[in-house]
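Q: My file is query-v2.txt. It has compact mmCIF, C-alpha atoms:
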```txt
# COMPACT_ATOMS: atom_id res chain seq x y z
CA MET L 1 0.00 0.00 0.00
CA ALA L 2 1.17 3.53 -0.76
CA LYS L 3 1.42 6.82 1.06
CA VAL L 4 -0.92 9.09 -0.90
CA ALA L 5 -2.49 12.53 -0.75
CA PHE L 6 -5.91 13.59 -2.01
CA LEU L 7 -6.64 17.23 -2.86
CA GLY L 8 -10.32 18.17 -3.09
CA LEU L 9 -13.09 16.56 -1.06
CA GLY L 10 -16.22 17.40 -3.01
CA VAL L 11 -18.99 14.98 -3.93
CA MET L 12 -16.53 12.97 -6.05
CA GLY L 13 -13.23 13.42 -4.24
CA SER L 14 -14.46 12.56 -0.76
CA PRO L 15 -15.68 9.02 -1.59
CA MET L 16 -12.70 8.39 -3.89
CA ALA L 17 -10.33 9.22 -1.04
CA ARG L 18 -12.42 7.05 1.28
CA HIS L 19 -11.96 4.03 -1.00
CA LEU L 20 -8.19 4.60 -0.99
CA ALA L 21 -8.19 4.60 2.81
CA ALA L 22 -10.42 1.52 2.93
CA LYS L 23 -7.96 -0.34 0.70
CA GLY L 24 -5.18 0.33 3.21
CA HIS L 25 -3.44 3.35 1.69
CA ASP L 26 -2.03 5.96 4.07
CA VAL L 27 -4.09 9.02 3.06
CA THR L 28 -3.52 12.70 3.81
CA VAL L 29 -6.23 15.04 2.54
CA TYR L 30 -6.50 18.72 1.71
CA ASN L 31 -9.63 20.73 1.05
CA ARG L 32 -10.03 24.48 0.54
CA THR L 33 -12.71 24.42 3.26
CA ALA L 34 -10.70 22.96 6.14
CA ALA L 35 -13.78 21.80 8.06
CA LYS L 36 -14.49 19.25 5.30
CA ALA L 37 -10.99 17.82 5.62
CA GLU L 38 -11.33 17.59 9.39
CA ALA L 39 -14.68 15.81 9.07
CA TRP L 40 -13.25 13.41 6.48
CA VAL L 41 -10.39 12.43 8.80
CA ALA L 42 -12.79 11.98 11.71
CA ALA L 43 -14.80 9.53 9.59
CA ASN L 44 -12.02 7.76 7.70
CA GLY L 45 -8.74 8.16 9.56
CA GLY L 46 -5.55 9.46 8.01
CA ALA L 47 -4.49 13.08 8.31
CA HIS L 48 -5.29 16.49 6.87
CA ALA L 49 -3.08 19.45 6.04
CA ALA L 50 -3.55 23.19 5.69
CA THR L 51 -2.02 23.52 2.20
CA PRO L 52 -1.49 21.25 -0.81
CA ARG L 53 2.27 21.53 -0.28
CA GLU L 54 1.97 20.18 3.25
CA ALA L 55 -0.51 17.47 2.28
CA VAL L 56 1.74 15.93 -0.37
CA ARG L 57 4.89 15.70 1.75
CA GLY L 58 6.30 12.18 1.38
CA ALA L 59 3.43 10.99 -0.85
CA GLU L 60 4.19 8.52 -3.64
CA ILE L 61 0.96 9.43 -5.45
CA VAL L 62 -1.01 12.67 -5.21
CA PHE L 63 -4.62 12.64 -6.43
CA ALA L 64 -6.70 15.73 -7.15
CA CYS L 65 -10.36 16.27 -7.97
CA VAL L 66 -11.31 19.95 -8.03
CA GLY L 67 -13.63 22.20 -10.04
CA ASN L 68 -11.95 23.59 -13.13
CA ASP L 69 -8.68 24.64 -14.78
CA ASP L 70 -8.05 27.54 -12.43
CA ASP L 71 -8.86 25.49 -9.33
CA LEU L 72 -6.43 22.86 -10.58
CA ARG L 73 -3.63 25.37 -11.13
CA SER L 74 -4.23 26.76 -7.63
CA VAL L 75 -3.56 23.39 -5.96
CA VAL L 76 -0.66 22.36 -8.23
CA LEU L 77 1.39 25.51 -8.86
CA GLY L 78 2.83 28.23 -6.66
CA ALA L 79 4.67 28.31 -3.35
CA ASP L 80 1.96 26.32 -1.53
CA GLY L 81 1.06 24.07 -4.48
CA ALA L 82 1.56 20.34 -4.74
CA LEU L 83 4.59 20.49 -7.05
CA ALA L 84 6.45 22.58 -4.46
CA GLY L 85 6.11 19.77 -1.91
CA MET L 86 6.31 16.58 -3.97
CA GLU L 87 9.47 14.50 -4.14
CA ARG L 88 11.18 13.60 -7.40
CA GLY L 89 9.80 10.30 -8.71
CA ALA L 90 6.33 10.81 -7.24
CA THR L 91 3.26 11.02 -9.49
CA PHE L 92 0.40 13.51 -9.68
CA VAL L 93 -2.95 12.07 -10.86
CA ASP L 94 -5.61 14.60 -11.80
CA HIS L 95 -9.24 13.44 -11.75
CA THR L 96 -10.67 16.91 -12.47
CA THR L 97 -12.63 17.27 -15.69
CA ALA L 98 -10.56 20.05 -17.20
CA SER L 99 -9.12 21.13 -20.54
CA ALA L 100 -6.54 19.12 -22.44
CA GLU L 101 -4.54 22.34 -22.57
CA VAL L 102 -4.14 22.56 -18.78
CA ALA L 103 -3.29 18.85 -18.63
CA ARG L 104 -0.39 19.40 -21.03
CA GLU L 105 0.68 22.55 -19.16
CA LEU L 106 0.81 20.80 -15.80
CA ALA L 107 2.43 17.67 -17.25
CA ALA L 108 5.25 19.87 -18.53
CA ALA L 109 5.62 21.63 -15.17
CA ALA L 110 5.68 18.27 -13.39
CA ALA L 111 8.28 16.88 -15.78
CA GLU L 112 10.58 19.83 -15.03
CA ALA L 113 10.39 18.90 -11.35
CA GLY L 114 11.04 15.20 -12.01
CA ILE L 115 7.44 14.29 -11.17
CA GLY L 116 5.09 12.09 -13.19
CA PHE L 117 1.68 13.37 -14.32
CA VAL L 118 -1.48 11.54 -15.42
CA ASP L 119 -4.68 13.33 -16.42
CA ALA L 120 -7.43 10.94 -15.39
CA PRO L 121 -10.98 12.34 -15.60
CA VAL L 122 -13.75 10.01 -14.50
CA SER L 123 -17.24 8.98 -15.56
CA GLY L 124 -19.91 7.45 -13.37
CA GLY L 125 -21.07 10.40 -11.31
CA GLN L 126 -21.51 10.62 -7.58
CA ALA L 127 -23.02 7.14 -7.37
CA GLY L 128 -20.02 5.69 -9.21
CA ALA L 129 -17.65 7.41 -6.79
CA GLU L 130 -19.62 6.29 -3.73
CA ASN L 131 -19.72 2.68 -4.95
CA GLY L 132 -16.15 2.58 -6.24
CA VAL L 133 -17.14 1.77 -9.83
CA LEU L 134 -15.91 4.78 -11.81
CA THR L 135 -14.57 4.62 -15.35
CA VAL L 136 -11.23 6.42 -15.61
CA MET L 137 -9.75 7.76 -18.88
CA CYS L 138 -6.04 8.50 -18.63
CA GLY L 139 -3.39 10.50 -20.45
CA GLY L 140 0.33 10.14 -19.79
CA ASP L 141 3.32 7.94 -20.53
CA PRO L 142 2.92 4.15 -20.10
CA GLU L 143 5.48 3.76 -17.33
CA THR L 144 3.93 6.47 -15.15
CA TYR L 145 0.45 5.12 -15.78
CA ALA L 146 1.50 1.60 -14.80
CA ARG L 147 2.73 2.87 -11.42
CA VAL L 148 -0.61 4.43 -10.48
CA GLU L 149 -3.18 2.13 -12.07
CA PRO L 150 -3.42 -0.23 -9.04
CA ALA L 151 -4.23 2.68 -6.71
CA ILE L 152 -6.78 4.14 -9.16
CA MET L 153 -8.54 0.77 -9.21
CA SER L 154 -9.38 1.34 -5.53
CA PHE L 155 -12.37 3.36 -6.75
CA ALA L 156 -12.74 2.27 -10.39
CA ARG L 157 -14.12 -0.68 -12.30
CA ALA L 158 -12.38 0.32 -15.53
CA CYS L 159 -9.23 2.32 -16.17
CA ARG L 160 -7.34 2.73 -19.45
CA LEU L 161 -4.45 4.75 -20.84
CA MET L 162 -5.72 6.61 -23.89
CA GLY L 163 -2.52 8.30 -25.06
CA PRO L 164 -0.11 11.07 -23.98
CA ALA L 165 -0.92 13.93 -21.60
CA GLY L 166 -4.30 15.44 -22.47
CA ALA L 167 -5.70 12.25 -24.01
CA GLY L 168 -7.69 11.46 -20.89
CA GLN L 169 -9.37 14.85 -21.00
CA LEU L 170 -10.09 14.52 -24.72
CA THR L 171 -11.69 11.12 -24.11
CA LYS L 172 -13.86 12.61 -21.35
CA MET L 173 -15.01 15.23 -23.86
CA VAL L 174 -16.17 12.44 -26.17
CA ASN L 175 -18.03 10.94 -23.21
CA GLN L 176 -19.88 14.21 -22.56
CA ILE L 177 -20.67 14.73 -26.25
CA CYS L 178 -22.36 11.32 -26.34
CA ILE L 179 -24.27 11.89 -23.10
CA ALA L 180 -25.58 15.32 -24.12
CA GLY L 181 -27.31 14.14 -27.27
CA LEU L 182 -28.58 10.97 -25.62
CA VAL L 183 -30.20 12.78 -22.68
CA GLN L 184 -31.90 15.25 -25.02
CA GLY L 185 -33.29 12.38 -27.11
CA LEU L 186 -34.54 10.59 -24.00
CA SER L 187 -36.13 13.82 -22.75
CA GLU L 188 -38.00 14.25 -26.01
CA GLY L 189 -39.12 10.61 -25.92
CA VAL L 190 -40.51 10.92 -22.39
CA HIS L 191 -42.20 14.22 -23.28
CA PHE L 192 -43.73 12.77 -26.45
CA ALA L 193 -45.01 9.68 -24.63
CA LYS L 194 -46.75 11.87 -22.06
CA ARG L 195 -48.39 14.03 -24.72
CA ALA L 196 -49.51 10.91 -26.59
CA GLY L 197 -51.29 9.64 -23.48
CA LEU L 198 -49.08 6.57 -23.10
CA ASP L 199 -48.03 4.87 -19.87
CA VAL L 200 -44.51 6.31 -19.82
CA GLU L 201 -43.04 3.70 -17.47
CA ALA L 202 -44.48 0.90 -19.60
CA VAL L 203 -43.03 2.50 -22.72
CA LEU L 204 -39.59 2.79 -21.13
CA GLU L 205 -39.76 -0.78 -19.88
CA VAL L 206 -40.41 -2.24 -23.32
CA ILE L 207 -38.13 -0.03 -25.42
CA SER L 208 -35.23 -0.37 -22.98
CA LYS L 209 -34.97 -4.01 -24.08
CA GLY L 210 -34.34 -2.99 -27.68
CA ALA L 211 -32.02 -0.73 -29.65
CA ALA L 212 -33.15 2.40 -27.76
CA GLY L 213 -31.90 1.05 -24.44
CA SER L 214 -29.15 2.91 -22.57
CA TRP L 215 -27.75 3.54 -19.10
CA GLN L 216 -29.59 6.87 -19.07
CA MET L 217 -32.90 5.21 -19.89
CA GLU L 218 -32.45 2.51 -17.24
CA ASN L 219 -31.34 4.92 -14.51
CA ARG L 220 -33.04 8.22 -15.31
CA GLY L 221 -36.11 7.46 -17.43
CA LYS L 222 -38.49 6.92 -14.50
CA THR L 223 -37.13 9.85 -12.51
CA MET L 224 -37.42 12.13 -15.53
CA ASN L 225 -41.05 11.06 -15.84
CA ALA L 226 -41.55 11.85 -12.15
CA GLY L 227 -39.88 15.28 -12.47
CA THR L 228 -37.21 14.40 -9.90
CA PHE L 229 -33.78 15.84 -10.66
CA ASP L 230 -31.58 15.32 -7.60
CA PHE L 231 -29.40 12.45 -8.80
CA GLY L 232 -25.87 13.77 -8.83
CA PHE L 233 -24.09 15.47 -11.74
CA ALA L 234 -25.45 19.00 -11.93
CA VAL L 235 -26.40 21.12 -14.93
CA ASP L 236 -23.85 23.76 -13.87
CA TRP L 237 -21.07 21.18 -14.15
CA MET L 238 -22.35 19.82 -17.45
CA ARG L 239 -22.29 23.33 -18.91
CA LYS L 240 -18.71 23.70 -17.72
CA ASP L 241 -17.81 20.45 -19.51
CA LEU L 242 -19.68 21.42 -22.66
CA GLY L 243 -17.88 24.76 -22.69
CA ILE L 244 -14.52 22.97 -22.50
CA LEU L 245 -15.32 20.57 -25.33
CA LEU L 246 -16.85 23.26 -27.56
CA ASP L 247 -13.68 25.33 -27.11
CA GLU L 248 -11.61 22.28 -28.06
CA ALA L 249 -13.83 21.69 -31.10
CA ARG L 250 -13.18 25.24 -32.27
CA ARG L 251 -9.47 24.50 -32.07
CA ASN L 252 -9.52 21.12 -33.83
CA GLY L 253 -12.27 21.84 -36.36
CA ALA L 254 -14.75 19.24 -35.10
CA LYS L 255 -18.39 19.98 -35.93
CA LEU L 256 -20.65 19.52 -32.89
CA PRO L 257 -24.07 21.00 -33.75
CA VAL L 258 -26.04 18.80 -31.34
CA SER L 259 -23.67 19.47 -28.42
CA ALA L 260 -23.85 23.22 -29.08
CA LEU L 261 -27.66 23.10 -29.18
CA VAL L 262 -27.93 21.04 -25.99
CA ASP L 263 -25.60 23.52 -24.26
CA GLN L 264 -28.16 26.23 -25.08
CA PHE L 265 -30.94 24.02 -23.70
CA TYR L 266 -29.00 23.58 -20.44
CA ALA L 267 -28.64 27.37 -20.29
CA GLU L 268 -32.46 27.53 -20.38
CA VAL L 269 -32.62 25.04 -17.49
CA GLN L 270 -30.24 27.28 -15.53
CA SER L 271 -32.51 30.27 -16.22
CA MET L 272 -35.38 28.21 -14.76
CA GLY L 273 -33.42 27.91 -11.52
CA GLY L 274 -32.17 24.41 -12.32
CA GLY L 275 -28.43 24.88 -12.18
CA ARG L 276 -28.10 22.32 -9.39
CA TRP L 277 -30.60 19.88 -10.90
CA ASP L 278 -29.06 16.81 -12.47
CA THR L 279 -28.53 16.59 -16.22
CA SER L 280 -31.75 14.64 -16.85
CA SER L 281 -33.62 17.90 -16.15
CA LEU L 282 -33.51 18.71 -19.86
CA VAL L 283 -37.04 17.29 -19.91
CA ALA L 284 -38.20 20.10 -17.61
CA ARG L 285 -37.70 22.76 -20.31
CA LEU L 286 -40.00 20.79 -22.63
CA GLU L 287 -42.77 20.66 -20.03
CA ARG L 288 -42.87 24.30 -18.96
```
Starting from the coordinates I provided, produce the structure as structure tokens.

A:
Amino acid sequence: MAKVAFLGLGVMGSPMARHLAAKGHDVTVYNRTAAKAEAWVAANGGAHAATPREAVRGAEIVFACVGNDDDLRSVVLGADGALAGMERGATFVDHTTASAEVARELAAAAAEAGIGFVDAPVSGGQAGAENGVLTVMCGGDPETYARVEPAIMSFARACRLMGPAGAGQLTKMVNQICIAGLVQGLSEGVHFAKRAGLDVEAVLEVISKGAAGSWQMENRGKTMNAGTFDFGFAVDWMRKDLGILLDEARRNGAKLPVSALVDQFYAEVQSMGGGRWDTSSLVARLER
């Protein structure tokens, strides 16, 4: 088992760090709101520190899961950042959904300090983190990835190296592109079934066994029909992710008309007060 640090104890980071501790790793945590770190240690053991630099002292692997590019830079760079406290030969693993650009930037900064870097965004939402069954998409060199994969599997059911630094983030963008269009299609299907006077749950039950079936249909179809939108990944975060991937598409020339349209639909949900609703709330804008 390894000595590790975990930076960021939000709805994803807290259970991920808990799984590391449960598997026997020696975990030190840092969170911008210190009270969360103190509560985490009270529940899970380990230690907490006042700065990222202090938290990573002596760690073989440092994990992070924060909000966005700027949050990530704030815990990695600077006098109190992780790179200032990590030892040569250690590895930084970033689970934030961020841009490929910042992944490459931080990988280069880590390399200068003799530290490995893996960008490793996750899919599976809060439930996946709580249950330790996340899917992890990684970017980095093969040797560095091989060193950290066993620890990542403490909270994952699937983990794969997708290419060099930034490839994990690019793969996560593909994930979000696919989800955005799928959730909009499911929303329209549920809305249409209601307007047609059908038993929506019966419709979902039968079509889920055919080509229309999906994880979203199985896990969110009934709750969408019920108008319940408190199941994890929030609209605000999805819009952040869509903004990242649409920026990347402008750089690489990819054409993403459906993703751009769904981003506008999520903006409407935000204007309805649904920024903290989960992403299945697209159906709500159809039923206003």

Q: If we count all atoms listed in the file, what is near Lys222 (chain L) at a cut-off of 7 Å, once residues fewer than 3 positions away on the same chain are taken out, given as a ChimeraX atom specification?

A: /L:201,225-226

Q: Can you tell me how far CA of Ile179 (chain L) sits from CA of Pro142 (chain L), in Å to one decimal?

A: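 It comes out at 28.4 Å.
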
Q: Kindly assemble as JSON lines a list of the region 153-199 of chain L residues that lie within 12 Å of region 89-97 of chain L, each paired with its nearest atom pair and their distance in Å to one decimal, using only C-alpha atoms, sorted first by chain and then by ascending residue number.

A:
```
{"residue": "L:Phe155", "atom": "CA", "partner": "L:His95", "partner_atom": "CA", "distance": 11.7}
{"residue": "L:Ala156", "atom": "CA", "partner": "L:His95", "partner_atom": "CA", "distance": 11.8}
{"residue": "L:Cys159", "atom": "CA", "partner": "L:His95", "partner_atom": "CA", "distance": 12.0}
{"residue": "L:Ala165", "atom": "CA", "partner": "L:Asp94", "partner_atom": "CA", "distance": 10.9}
{"residue": "L:Gly166", "atom": "CA", "partner": "L:Asp94", "partner_atom": "CA", "distance": 10.8}
{"residue": "L:Ala167", "atom": "CA", "partner": "L:Thr97", "partner_atom": "CA", "distance": 11.9}
{"residue": "L:Gly168", "atom": "CA", "partner": "L:Thr97", "partner_atom": "CA", "distance": 9.2}
{"residue": "L:Gln169", "atom": "CA", "partner": "L:Thr97", "partner_atom": "CA", "distance": 6.7}
{"residue": "L:Leu170", "atom": "CA", "partner": "L:Thr97", "partner_atom": "CA", "distance": 9.8}
{"residue": "L:Thr171", "atom": "CA", "partner": "L:Thr97", "partner_atom": "CA", "distance": 10.5}
{"residue": "L:Lys172", "atom": "CA", "partner": "L:Thr97", "partner_atom": "CA", "distance": 7.4}
{"residue": "L:Met173", "atom": "CA", "partner": "L:Thr97", "partner_atom": "CA", "distance": 8.8}
{"residue": "L:Asn175", "atom": "CA", "partner": "L:Thr97", "partner_atom": "CA", "distance": 11.2}
{"residue": "L:Gln176", "atom": "CA", "partner": "L:Thr97", "partner_atom": "CA", "distance": 10.4}
```

Q: Using only C-alpha atoms, which of the listed residues (L:Leu182, L:Leu106, L:Ile61, L:Ala100) sits closest to Tyr145 (chain L)?

A: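 That would be L:Ile61, the residue with the smallest distance to Tyr145 (chain L).
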
Q: Quick one: residues within 10 Å of (-12.5, 9.2, 7.3) (file frame), counting only C-alpha atoms, please, as a PyMOL selection string.

A: chain L and resi 14-15+17-19+21-22+27+29+37-47

Q: Could you name the residues that touch region 257-259 of chain L at 12 Å or less, counting all atoms listed in the file, but leaving out those on the same chain fewer than 4 positions away, as a compact mmCIF listing (two decimals) with C-alpha atoms, in the frame of the given file?

A:
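Writing done, so here's out-v3.txt:
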```txt
# COMPACT_ATOMS: atom_id res chain seq x y z
CA MET L 173 -15.01 15.23 -23.86
CA VAL L 174 -16.17 12.44 -26.17
CA ASN L 175 -18.03 10.94 -23.21
CA GLN L 176 -19.88 14.21 -22.56
CA ILE L 177 -20.67 14.73 -26.25
CA CYS L 178 -22.36 11.32 -26.34
CA ILE L 179 -24.27 11.89 -23.10
CA ALA L 180 -25.58 15.32 -24.12
CA GLY L 181 -27.31 14.14 -27.27
CA LEU L 182 -28.58 10.97 -25.62
CA VAL L 183 -30.20 12.78 -22.68
CA GLN L 184 -31.90 15.25 -25.02
CA GLY L 185 -33.29 12.38 -27.11
CA MET L 238 -22.35 19.82 -17.45
CA ARG L 239 -22.29 23.33 -18.91
CA ASP L 241 -17.81 20.45 -19.51
CA LEU L 242 -19.68 21.42 -22.66
CA GLY L 243 -17.88 24.76 -22.69
CA ILE L 244 -14.52 22.97 -22.50
CA LEU L 245 -15.32 20.57 -25.33
CA LEU L 246 -16.85 23.26 -27.56
CA ASP L 247 -13.68 25.33 -27.11
CA ALA L 249 -13.83 21.69 -31.10
CA ARG L 250 -13.18 25.24 -32.27
CA ASP L 263 -25.60 23.52 -24.26
CA GLN L 264 -28.16 26.23 -25.08
CA PHE L 265 -30.94 24.02 -23.70
CA TYR L 266 -29.00 23.58 -20.44
```

Q: Find, counting all atoms listed in the file, the residue in L:Val75, L:Ala98, L:Ala127, L:Val56 that gets nearest to Phe233 (chain L).

A: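 Of the candidates, the smallest distance to Phe233 (chain L) is held by L:Ala127.
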
Q: Using CA of Glu105 (chain L) and CA of Asp70 (chain L) as the two end points, give the distance in Å to one decimal.

A: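 Rounded to one decimal, the two atoms are 12.1 Å apart.
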
Q: Can you take the partial region 11-23 of chain L, add N, CA, C and O atoms, and return it as a tab-separated table (two decimals), in the frame of the given file?

A:
```tsv
chain	number	residue	atom	x	y	z
L	11	VAL	N	-18.12	16.16	-3.85
L	11	VAL	CA	-18.99	14.98	-3.93
L	11	VAL	C	-18.31	13.80	-4.61
L	11	VAL	O	-18.67	12.65	-4.39
L	12	MET	N	-17.29	14.05	-5.42
L	12	MET	CA	-16.53	12.97	-6.05
L	12	MET	C	-15.28	12.64	-5.25
L	12	MET	O	-15.00	11.48	-4.95
L	13	GLY	N	-14.52	13.65	-4.90
L	13	GLY	CA	-13.23	13.42	-4.24
L	13	GLY	C	-13.35	12.75	-2.90
L	13	GLY	O	-12.53	11.87	-2.56
L	14	SER	N	-14.33	13.12	-2.10
L	14	SER	CA	-14.46	12.56	-0.76
L	14	SER	C	-14.62	11.04	-0.79
L	14	SER	O	-13.89	10.32	-0.10
L	15	PRO	N	-15.57	10.48	-1.56
L	15	PRO	CA	-15.68	9.02	-1.59
L	15	PRO	C	-14.50	8.34	-2.27
L	15	PRO	O	-14.13	7.21	-1.90
L	16	MET	N	-13.88	8.99	-3.25
L	16	MET	CA	-12.70	8.39	-3.89
L	16	MET	C	-11.58	8.24	-2.87
L	16	MET	O	-10.92	7.18	-2.78
L	17	ALA	N	-11.35	9.29	-2.09
L	17	ALA	CA	-10.33	9.22	-1.04
L	17	ALA	C	-10.69	8.17	0.00
L	17	ALA	O	-9.82	7.45	0.52
L	18	ARG	N	-11.98	8.05	0.30
L	18	ARG	CA	-12.42	7.05	1.28
L	18	ARG	C	-12.09	5.64	0.81
L	18	ARG	O	-11.65	4.79	1.60
L	19	HIS	N	-12.29	5.37	-0.48
L	19	HIS	CA	-11.96	4.03	-1.00
L	19	HIS	C	-10.46	3.76	-0.90
L	19	HIS	O	-10.05	2.63	-0.63
L	20	LEU	N	-9.64	4.78	-1.14
L	20	LEU	CA	-8.19	4.60	-0.99
L	20	LEU	C	-7.85	4.21	0.44
L	20	LEU	O	-7.04	3.30	0.68
L	21	ALA	N	-8.45	4.92	1.40
L	21	ALA	CA	-8.19	4.60	2.81
L	21	ALA	C	-8.68	3.20	3.16
L	21	ALA	O	-8.00	2.45	3.87
L	22	ALA	N	-9.85	2.84	2.63
L	22	ALA	CA	-10.42	1.52	2.93
L	22	ALA	C	-9.56	0.39	2.39
L	22	ALA	O	-9.55	-0.72	2.94
L	23	LYS	N	-8.84	0.67	1.29
L	23	LYS	CA	-7.96	-0.34	0.70
L	23	LYS	C	-6.60	-0.39	1.40
L	23	LYS	O	-5.72	-1.16	0.98
```
